[in-house]
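> Below: one structure in structure tokens.
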Amino acid sequence: MLPKLDDSGAIQSQSSRLQSYIDDPEKQRRLYKRTLIIVVISQIFGGAGLAAGITVGALLAQDMLGTEGFAGVPTALFTLGSAIAALLVGNLSQRFGRRFGLGLGFLLGGIGAVGVVLAAVTNNILFLFASLLIYGSGTATNLQARYAGTDLAKPTQRATAVSIALVSTTFGAVAGPNLVEVMGHFAASIGVPALAGPFILAACAYILAGFVFLIFLRPDPLVVAKAIASSQTMDESNFADKKRKGLSINKRGIVAGATVMIVSQIVMVAIMTMTPIHMGHHGHGLNAVGMVIGIHVAAMYFPSLVTGILVDKIGRAAMAIASGVTLLLAGVFAAFTTTGSMPMLITALTLLGLGWNFGLISGTALIVDGTSFSNRAKVQGTVDVFIALAGAAGGILSGVIAAYFSYTTLSFVGGILSLLLIPVVLWSRSNSHQEYHRLEE
């Protein structure tokens with residue numbers, strides 16, 4: 001329960017705690033490090049919940065619906081649910097802090113995963129679709145958790161902070177797909193359809209991640225960061241400082257960051273969603289599917305530490321362009337896997353994950369650079385809504401394109417679309433890149 005606003009004693013106590021962080025840079029640094037540790041722990045669980053579901057979502061829908069033409073619907077539904085949850089989590093975080101927004105988001109994702117299992121047991125398609133929408137809350141929260149690490153980070157640490165959150169997701173995200181068969185056997189042993197087994201893992205993982213935030217993220221890093229920023233604003237009195245403050249909101253940088261992440265998400269979701277179906281056509285079993293998706297998810301998250309350093313050192317624009325080029329190569333390799341070659345599929349899905357990684361970290365850094373604490377969490381949530389909607393569109397269209405044309409066509413379209421990132425980044429670079437470095441002076 002949230003503290004009552006008329007409880008003067010609690011408010012005074014909270015104000016005193018916040019003031020201690022405002023006055024002590026060393027406490028700020030310790031809280032920054034502690035926040036990163038909490039984010040890392042939650043992301044390990046969150047990654048397992050995310051990867052377990054996406055590995056078999058399309059296969060479960062194909063099995064229950066009896067057709068692959070709608071195999072992209074599960075991805076579209078939990079991505080659409082992710083869009084709704086992103087807005088909710090962003091607004092809750094802006095108003096009450098990261099702890100409540102992220103904690104509640106993960107708990108909702110866990111409830112949705114439980115619903116998917118029950119839908120599979122009862123063979124209820126409508127219940128499955130509704131549960132997938134709620135399950136999407138975990139996806140949105142898993143992504144928005146990356147912002148928590150940036151709240152107390154210096155501008156030159158922001159991409160690195162994001163990368164620490166993402167690389168920690170790797171442990172759970174790689175384990176999830178590789179536990180598909182194990183969880184399938186476990187599910188079958190208790191009378192649950194094997195394809196619903198990974199969602200049992202997802203439910204436990206998301207609920208644990210939610211409790212990690214609700215219990216341990218104290219004091220809230222966003223609340224502390226807003227208090228520090230507010231104190232600094234009151235201390236500013238000269239024109240140069242006011243001008244500096246005005247530069248903290250960069251609309252062109254926000255647009256560029258959002259575009260980079262949206263396009264990366266569309267391309268990644270579209271090709272990834274239909275890869276298990278494509279593999280099934282060529283006789284690959286669940287073990288092979290789990291291995292390919294596991295490598296793909298590892299490529300999405302594991303390179304993050306290096307990516308974050310590169311984004312902070314060589315720039316947001318350069319890494320965003322690298323994202324477009326890498327996704328193009330992923331589309332080309334995937335398009336040539338007409339025989340279902342495992343080496344080609346692994347190469348394509350590795351490049352797909354890596355391109356998404358470049359885009360997410362560079363785009364996130366652009367968003368953080370372009371916002372102020374007065375609107376940061378809300379803008380982050382809104383941007384993630386568009387990212388999720390883009391993923392939903394990619395999920396729906398992927399099934400349609402693959403069914404009516406081919407997986408090859410889908411891969412080529414995704415690769416060509418990724419080239420859109422280059423002109424957008426070049427358009428923003430003259431304005432946002434200059435403003436970012438002026439803020440560092």
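By convention in this document, the chains of the structure tokens carry letters A, B, ... by their order, each chain's residues are numbered from 1, and ligands are numbered from 1 in the order they are shown.
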Just the residues within 9 Å of A:Phe96, please, counting only C-alpha atoms, with nothing from its chain fewer than 2 positions along; format it as a list in words.

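Everything that qualifies: Leu2, Asn91, Leu92, Ser93, Gln94, Arg98, Arg99, Phe100, Gly101, Asp220, Leu222 and Val223 of chain A.
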
> I'd like the contact shell of stretch 304-320 of chain A - 7 Å cut-off, only C-alpha atoms, skipping same-chain residues fewer than 3 positions apart - returned as a ChimeraX atom specification.

/A:156-157,159-160,162-164,166-167,260,301,323-324,357-359,361-362,366,425,429

> Output N, CA and C atoms for every residue in the selection just made, as a PDB file, in the first residue's frame.


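Ended up saving to selection.pdb:
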```
ATOM      1  N   THR A 156      27.857  10.007 -19.139  1.00  0.00           N
ATOM      2  CA  THR A 156      28.832   9.132 -19.786  1.00  0.00           C
ATOM      3  C   THR A 156      28.764   7.689 -19.283  1.00  0.00           C
ATOM      4  N   GLN A 157      27.845   7.405 -18.350  1.00  0.00           N
ATOM      5  CA  GLN A 157      27.674   6.044 -17.824  1.00  0.00           C
ATOM      6  C   GLN A 157      26.348   5.428 -18.267  1.00  0.00           C
ATOM      7  N   ALA A 159      24.740   4.461 -21.153  1.00  0.00           N
ATOM      8  CA  ALA A 159      24.671   3.275 -22.006  1.00  0.00           C
ATOM      9  C   ALA A 159      25.268   2.064 -21.294  1.00  0.00           C
ATOM     10  N   THR A 160      26.325   2.288 -20.538  1.00  0.00           N
ATOM     11  CA  THR A 160      26.939   1.192 -19.775  1.00  0.00           C
ATOM     12  C   THR A 160      25.970   0.658 -18.722  1.00  0.00           C
ATOM     13  N   VAL A 162      22.692   0.717 -18.906  1.00  0.00           N
ATOM     14  CA  VAL A 162      21.694  -0.061 -19.649  1.00  0.00           C
ATOM     15  C   VAL A 162      22.261  -1.432 -20.000  1.00  0.00           C
ATOM     16  N   SER A 163      23.525  -1.452 -20.418  1.00  0.00           N
ATOM     17  CA  SER A 163      24.139  -2.704 -20.839  1.00  0.00           C
ATOM     18  C   SER A 163      24.274  -3.695 -19.682  1.00  0.00           C
ATOM     19  N   ILE A 164      24.541  -3.192 -18.486  1.00  0.00           N
ATOM     20  CA  ILE A 164      24.644  -4.079 -17.312  1.00  0.00           C
ATOM     21  C   ILE A 164      23.303  -4.763 -17.054  1.00  0.00           C
ATOM     22  N   LEU A 166      20.959  -5.329 -19.303  1.00  0.00           N
ATOM     23  CA  LEU A 166      20.644  -6.248 -20.393  1.00  0.00           C
ATOM     24  C   LEU A 166      21.492  -7.521 -20.351  1.00  0.00           C
ATOM     25  N   VAL A 167      22.785  -7.378 -20.031  1.00  0.00           N
ATOM     26  CA  VAL A 167      23.641  -8.560 -20.035  1.00  0.00           C
ATOM     27  C   VAL A 167      23.235  -9.527 -18.925  1.00  0.00           C
ATOM     28  N   VAL A 260      14.947   4.191 -33.814  1.00  0.00           N
ATOM     29  CA  VAL A 260      15.957   3.127 -33.794  1.00  0.00           C
ATOM     30  C   VAL A 260      15.412   1.887 -33.093  1.00  0.00           C
ATOM     31  N   TYR A 301      21.401 -10.145 -25.686  1.00  0.00           N
ATOM     32  CA  TYR A 301      21.749  -9.581 -24.378  1.00  0.00           C
ATOM     33  C   TYR A 301      23.225  -9.690 -23.997  1.00  0.00           C
ATOM     34  N   SER A 323      23.543  -0.919 -35.990  1.00  0.00           N
ATOM     35  CA  SER A 323      22.357  -1.744 -35.791  1.00  0.00           C
ATOM     36  C   SER A 323      21.659  -2.018 -37.125  1.00  0.00           C
ATOM     37  N   GLY A 324      21.462  -0.964 -37.920  1.00  0.00           N
ATOM     38  CA  GLY A 324      20.799  -1.127 -39.209  1.00  0.00           C
ATOM     39  C   GLY A 324      21.560  -2.057 -40.135  1.00  0.00           C
ATOM     40  N   ASN A 357      20.365  -5.648 -30.232  1.00  0.00           N
ATOM     41  CA  ASN A 357      21.123  -5.175 -29.073  1.00  0.00           C
ATOM     42  C   ASN A 357      21.721  -3.792 -29.334  1.00  0.00           C
ATOM     43  N   PHE A 358      22.361  -3.624 -30.483  1.00  0.00           N
ATOM     44  CA  PHE A 358      22.923  -2.319 -30.843  1.00  0.00           C
ATOM     45  C   PHE A 358      21.837  -1.245 -30.853  1.00  0.00           C
ATOM     46  N   GLY A 359      20.690  -1.594 -31.448  1.00  0.00           N
ATOM     47  CA  GLY A 359      19.604  -0.619 -31.568  1.00  0.00           C
ATOM     48  C   GLY A 359      18.986  -0.255 -30.234  1.00  0.00           C
ATOM     49  N   ILE A 361      20.292  -0.425 -27.109  1.00  0.00           N
ATOM     50  CA  ILE A 361      21.150   0.331 -26.197  1.00  0.00           C
ATOM     51  C   ILE A 361      21.410   1.740 -26.717  1.00  0.00           C
ATOM     52  N   SER A 362      21.691   1.880 -28.009  1.00  0.00           N
ATOM     53  CA  SER A 362      21.913   3.228 -28.554  1.00  0.00           C
ATOM     54  C   SER A 362      20.632   4.049 -28.513  1.00  0.00           C
ATOM     55  N   LEU A 366      19.810   7.527 -26.319  1.00  0.00           N
ATOM     56  CA  LEU A 366      19.291   8.742 -26.957  1.00  0.00           C
ATOM     57  C   LEU A 366      18.051   9.259 -26.223  1.00  0.00           C
ATOM     58  N   VAL A 425      19.048   8.502 -38.324  1.00  0.00           N
ATOM     59  CA  VAL A 425      20.155   8.844 -37.431  1.00  0.00           C
ATOM     60  C   VAL A 425      20.948  10.022 -37.984  1.00  0.00           C
ATOM     61  N   ARG A 429      21.590  13.630 -36.106  1.00  0.00           N
ATOM     62  CA  ARG A 429      22.941  13.738 -35.567  1.00  0.00           C
ATOM     63  C   ARG A 429      23.410  15.184 -35.420  1.00  0.00           C
TER      64      ARG A 429
END
```

> Please list as a list in words every residue within 12 Å of A:Ile22, counting only C-alpha atoms and excluding residues in the same chain fewer than 4 positions away.

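Near neighbours after the sequence-gap exclusion: Ser15, Ser16, Arg17, Leu18, Glu26, Lys27, Gln28, Arg29, Leu31, Leu152, Val223, Val224, Ala225, Lys226, Ala227, Ile228, Ala229, Ser230, Ser231 and Gln232 of chain A.
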
> Would you export the selected residues with C-alpha atoms as a tab-separated table (two decimals), in the first residue's frame, please?


```tsv
chain	number	residue	atom	x	y	z
A	15	SER	CA	12.20	14.14	3.02
A	16	SER	CA	14.99	13.70	5.56
A	17	ARG	CA	16.18	10.52	3.82
A	18	LEU	CA	16.11	12.19	0.42
A	26	GLU	CA	29.08	9.11	-1.87
A	27	LYS	CA	25.62	7.89	-0.81
A	28	GLN	CA	24.44	8.58	-4.35
A	29	ARG	CA	27.22	6.40	-5.76
A	31	LEU	CA	22.76	3.71	-4.18
A	152	LEU	CA	21.55	7.90	-10.95
A	223	VAL	CA	12.63	9.38	-6.55
A	224	VAL	CA	16.14	10.14	-5.30
A	225	ALA	CA	17.30	11.31	-8.73
A	226	LYS	CA	14.29	13.63	-9.10
A	227	ALA	CA	14.99	15.11	-5.65
A	228	ILE	CA	18.64	15.71	-6.56
A	229	ALA	CA	17.69	17.31	-9.88
A	230	SER	CA	15.08	19.50	-8.17
A	231	SER	CA	17.65	20.68	-5.63
A	232	GLN	CA	20.16	21.49	-8.36
```

> Let's see if you can do this: from backbone DSSP, list all helix (DSSP H, G or I) residues in stretch 217-384 of chain A, as a ChimeraX atom specification.

/A:221-235,239-246,251-281,286-301,304-314,316-335,342-370,376-384

> Please list as a list in words every residue within 9 Å of A:Leu102, counting only C-alpha atoms and excluding residues in the same chain fewer than 2 positions away.

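In the requested form, the answer reads Val89, Gly90, Leu92, Ser93, Gly97, Arg98, Arg99, Phe100, Leu104, Gly105, Phe106, Leu107, Thr141, Asn142, Gln144, Ala145, Ala209, Gly210, Phe213 and Leu214 of chain A.
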